[in-house]
Amino acid sequence: MRRNEQATLSSEEGTREYLTFTLGKEEYAMDILKVQEIRGYDSVTHIANSPGFMKGVINLRGVIVPIIDMRIKFNLEQVVYDEFTVVIIINILGRVIGMVVDGVSDVVTLPPEQIKPAPEFGAGAHADYITGIGTVNKQMLIMVDINRLIASEEMQLMEMADEQLDLAA
């Protein structure tokens with residue numbers, strides 16, 4: 001194998017596809033392989049004493065799915081849900097979870113060299129789930145590691161809501 005061919009192969013190996021979505025004025029990106037489906041926002045069943053970012057649950061073909069409002073989770077201003085508001089159904093860590101976002105933009109392919117390390121946020125900020133900043137056509141994308149976000153200590157509160165559902169059944 002010639003040197004140029006080897007360089008091309010190694011750079012293509014790290015290239016991954018990301019689903020981009022909007023929250024407020026910012027664009028975020030997550031690994032497309034975590035996405036199960038995208039659906040319009042519909043009413044949810046609210047769970048008493050659940051964290052503020054948990055809108056409630058839906059029944060998705062027999063599976064009870066917790067729905068998280070990412071605007072609340074990321075401390076963004078409130079927005080009125082409209083026809084562009086969607087729920088990204090993800091399947092990670094053995095769980096199916098819905099994420100409410102303002103809209104889904106695109107699927108982009110990014111090689112590693114288009115992703116810069118996440119900036120340091122300081123001791124008070126809890127943004128371990130932001131893995132970097134990607135750039136596509138001079139537009140910045142905030143890269144989110146959904147595994148880290150869902151596995152975070154704060155999100156573990158969702159397991160309590162699941163337990164409350166089990167007790168109520």
# chains A, B, ... in the order shown; residues from 1 in each chain; ligands from 1
call {"tool": "residues_around", "arguments": {"residues": "Lys25 (chain A)", "least_positions_apart": "4", "cutoff": "12 Å", "atoms": "only C-alpha atoms", "output": "ChimeraX atom specification"}}
result
/A:21,71,76-77,79,101-103,139-142
call {"tool": "residues_around", "arguments": {"residues": "Ile88 (chain A)", "least_positions_apart": "3", "cutoff": "6 Å", "atoms": "only C-alpha atoms", "output": "list in words"}}
result
Ile38, Gly98 and Met99 of chain A
call {"tool": "closest_residue", "arguments": {"among": "A:Asp42, A:Pro51, A:Lys138, A:Tyr81", "to": "Gly24 (chain A)", "atoms": "only C-alpha atoms"}}
result
A:Tyr81
call {"tool": "atom_distance", "arguments": {"atom1": "CA of Val107 (chain A)", "atom2": "CA of Ile32 (chain A)"}}
result
7.6 Å
call {"tool": "select_by_dssp", "arguments": {"residues": "region 30-136 of chain A", "states": "strand (DSSP E or B)", "output": "VMD selection string"}}
result
chain A and resid 30 to 31 35 to 40 45 54 to 60 63 to 69 86 to 92 95 to 101 103 to 110 115 to 117 130 to 136
call {"tool": "select_by_dssp", "arguments": {"residues": "region 32-140 of chain A", "states": "helix (DSSP H, G or I)", "output": "ChimeraX atom specification"}}
result
/A:32-34,70-73,112-114
call {"tool": "atom_distance", "arguments": {"atom1": "CA of Gly52 (chain A)", "atom2": "CA of Thr131 (chain A)"}}
result
24.5 Å
call {"tool": "closest_residue", "arguments": {"among": "A:Lys73, A:Gln78, A:Glu113, A:Val35", "to": "Asn91 (chain A)", "atoms": "only C-alpha atoms"}}
result
A:Val35
call {"tool": "atom_distance", "arguments": {"atom1": "CA of Val100 (chain A)", "atom2": "CA of Ile67 (chain A)"}}
result
7.0 Å
call {"tool": "closest_residue", "arguments": {"among": "A:Ser105, A:Ile89, A:Phe74, A:Pro119", "to": "Leu33 (chain A)", "atoms": "only C-alpha atoms"}}
result
A:Ile89
call {"tool": "closest_residue", "arguments": {"among": "A:Gly94, A:Glu17, A:Arg148, A:Gln114", "to": "Val136 (chain A)", "atoms": "only C-alpha atoms"}}
result
A:Gln114
call {"tool": "closest_residue", "arguments": {"among": "A:Met143, A:Ile133, A:Val104, A:Met54", "to": "Gly40 (chain A)", "atoms": "only C-alpha atoms"}}
result
A:Val104
call {"tool": "closest_residue", "arguments": {"among": "A:Leu23, A:Ala29, A:Ile72, A:Ala118", "to": "Thr85 (chain A)", "atoms": "only C-alpha atoms"}}
result
A:Leu23
